[in-house]
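Q: Provided below: coords.pdb, containing PDB, C-alpha atoms.
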```pdb
ATOM      1  CA  MET A 230       0.000   0.000   0.000  1.00  0.00           C
ATOM      2  CA  ASN A 231       1.598   3.237  -1.133  1.00  0.00           C
ATOM      3  CA  LYS A 232       0.804   6.596  -2.668  1.00  0.00           C
ATOM      4  CA  ASN A 233       1.656   5.531  -6.227  1.00  0.00           C
ATOM      5  CA  ARG A 234      -0.761   2.596  -6.103  1.00  0.00           C
ATOM      6  CA  CYS A 235      -3.402   4.892  -4.626  1.00  0.00           C
ATOM      7  CA  LEU A 236      -2.957   7.469  -7.402  1.00  0.00           C
ATOM      8  CA  ASP A 237      -2.988   4.782 -10.097  1.00  0.00           C
ATOM      9  CA  SER A 238      -6.205   3.379  -8.632  1.00  0.00           C
ATOM     10  CA  ALA A 239      -7.758   6.842  -8.445  1.00  0.00           C
ATOM     11  CA  ALA A 240      -7.109   7.365 -12.154  1.00  0.00           C
ATOM     12  CA  ALA A 241      -8.273   3.873 -13.170  1.00  0.00           C
ATOM     13  CA  GLY A 242     -11.878   4.244 -12.017  1.00  0.00           C
ATOM     14  CA  SER A 243     -14.307   2.876  -9.491  1.00  0.00           C
ATOM     15  CA  ALA A 244     -13.746  -0.887  -9.950  1.00  0.00           C
ATOM     16  CA  VAL A 245      -9.980  -0.607  -9.460  1.00  0.00           C
ATOM     17  CA  TRP A 246     -10.515   1.887  -6.642  1.00  0.00           C
ATOM     18  CA  THR A 247     -12.806  -0.535  -4.822  1.00  0.00           C
ATOM     19  CA  ALA A 248     -10.183  -3.283  -5.044  1.00  0.00           C
ATOM     20  CA  PHE A 249      -7.587  -0.848  -3.707  1.00  0.00           C
ATOM     21  CA  CYS A 250      -9.816   0.062  -0.752  1.00  0.00           C
ATOM     22  CA  ARG A 251     -10.368  -3.595   0.124  1.00  0.00           C
ATOM     23  CA  ASP A 252      -6.610  -4.011   0.601  1.00  0.00           C
ATOM     24  CA  ILE A 253      -6.397  -1.282   3.258  1.00  0.00           C
ATOM     25  CA  LYS A 254      -5.938  -2.906   6.662  1.00  0.00           C
ATOM     26  CA  ASP A 255      -6.983   0.031   8.867  1.00  0.00           C
ATOM     27  CA  ASP A 256     -10.789   0.023   9.262  1.00  0.00           C
ATOM     28  CA  SER A 257     -11.156   3.794   9.571  1.00  0.00           C
ATOM     29  CA  LEU A 258      -8.992   4.522   6.538  1.00  0.00           C
ATOM     30  CA  ARG A 259     -10.729   1.810   4.512  1.00  0.00           C
ATOM     31  CA  LYS A 260     -14.134   3.369   5.257  1.00  0.00           C
ATOM     32  CA  ARG A 261     -12.865   6.783   4.149  1.00  0.00           C
ATOM     33  CA  CYS A 262     -11.499   5.198   0.984  1.00  0.00           C
ATOM     34  CA  PHE A 263     -14.846   3.601   0.124  1.00  0.00           C
ATOM     35  CA  ALA A 264     -16.614   6.902   0.870  1.00  0.00           C
ATOM     36  CA  VAL A 265     -14.875   8.638  -2.053  1.00  0.00           C
ATOM     37  CA  GLY A 266     -15.030   5.645  -4.390  1.00  0.00           C
ATOM     38  CA  LEU A 267     -17.943   6.862  -6.487  1.00  0.00           C
ATOM     39  CA  GLU A 268     -16.838  10.487  -6.508  1.00  0.00           C
ATOM     40  CA  SER A 269     -14.592  12.197  -9.040  1.00  0.00           C
ATOM     41  CA  GLU A 270     -11.010  11.237  -9.810  1.00  0.00           C
ATOM     42  CA  GLN A 271     -10.020  14.556  -8.237  1.00  0.00           C
ATOM     43  CA  ARG A 272     -11.617  13.554  -4.908  1.00  0.00           C
ATOM     44  CA  ARG A 273      -9.926  10.141  -4.985  1.00  0.00           C
ATOM     45  CA  THR A 274      -6.589  11.804  -5.761  1.00  0.00           C
ATOM     46  CA  GLY A 275      -7.175  14.139  -2.811  1.00  0.00           C
ATOM     47  CA  PHE A 276      -7.674  11.112  -0.583  1.00  0.00           C
ATOM     48  CA  CYS A 277      -4.310   9.729  -1.753  1.00  0.00           C
ATOM     49  CA  ASN A 278      -2.548  13.018  -1.105  1.00  0.00           C
ATOM     50  CA  ASN A 279      -4.068  13.309   2.377  1.00  0.00           C
ATOM     51  CA  PHE A 280      -3.399   9.780   3.610  1.00  0.00           C
ATOM     52  CA  PHE A 281      -0.262   8.564   1.822  1.00  0.00           C
TER      53      PHE A 281
END
```
Starting from the file, lay out its structure as structure tokens.
A:
Amino acid sequence: MNKNRCLDSAAAGSAVWTAFCRDIKDDSLRKRCFAVGLESEQRRTGFCNNFF
């Protein structure tokens, strides 16, 4: 789990993003990840920049 994988997943779309979120071990961070999953690529990228 790293920032590059997060950013790649953010750009790839919701299916890849969902798989990325499933791999996050921390429950709180995983919930935040899923919360932005259906939002814009910009919001997912923001998540990556904030947490990785």
Q: Between A:Phe280, A:Met230, A:Arg273, A:Leu267, single out the one closest to A:Arg251, counting only C-alpha atoms.
A: A:Met230
Q: For A:Thr247, please output as a list in words all residues within 10 Å (counting only C-alpha atoms; exclusion window: fewer than 4 positions along the same chain).
A: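 Result of the neighbour search: Ser238, Ala239, Gly242, Ser243, Arg251, Asp252, Arg259, Cys262, Phe263, Val265, Gly266 and Leu267 of chain A.
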Q: Quick one: residues within 12 Å of A:Ala241, only C-alpha atoms, excluding same-chain residues fewer than 6 positions away - as a list of chain:residue names?
A: A:Arg234, A:Cys235, A:Thr247, A:Ala248, A:Phe249, A:Gly266, A:Ser269, A:Glu270, A:Gln271, A:Arg273, A:Thr274
Q: Pull C-alpha atoms from the residues just selected and write them as a PDB file, keeping the file's coordinate frame.
A:
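Now in out.pdb:
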```
ATOM      1  CA  ARG A 234      -0.761   2.596  -6.103  1.00  0.00           C
ATOM      2  CA  CYS A 235      -3.402   4.892  -4.626  1.00  0.00           C
ATOM      3  CA  THR A 247     -12.806  -0.535  -4.822  1.00  0.00           C
ATOM      4  CA  ALA A 248     -10.183  -3.283  -5.044  1.00  0.00           C
ATOM      5  CA  PHE A 249      -7.587  -0.848  -3.707  1.00  0.00           C
ATOM      6  CA  GLY A 266     -15.030   5.645  -4.390  1.00  0.00           C
ATOM      7  CA  SER A 269     -14.592  12.197  -9.040  1.00  0.00           C
ATOM      8  CA  GLU A 270     -11.010  11.237  -9.810  1.00  0.00           C
ATOM      9  CA  GLN A 271     -10.020  14.556  -8.237  1.00  0.00           C
ATOM     10  CA  ARG A 273      -9.926  10.141  -4.985  1.00  0.00           C
ATOM     11  CA  THR A 274      -6.589  11.804  -5.761  1.00  0.00           C
TER      12      THR A 274
END
```
Q: Could you state the separation of atom CA of A:Asp255 and atom CA of A:Asp237 in Å, given to one decimal place?
A: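 Between atom CA of A:Asp255 and atom CA of A:Asp237 the gap is 20.0 Å.
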Q: What does the structure give for the distance between atom CA of A:Val245 and atom CA of A:Asn279, in Å to one decimal?
A: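 Value for the atom CA of A:Val245-atom CA of A:Asn279 distance: 19.2 Å.
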Q: So the first atom is atom CA of A:Ala240 and the second is atom CA of A:Ser257; what is the distance between them in Å, to one decimal place?
A: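 Computing it gives 22.4 Å between the two atoms.
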Q: So, counting all atoms listed in the file, which residue among A:Leu236, A:Asp256, A:Arg261, A:Ala244 is closest to A:Cys277?
A: A:Leu236
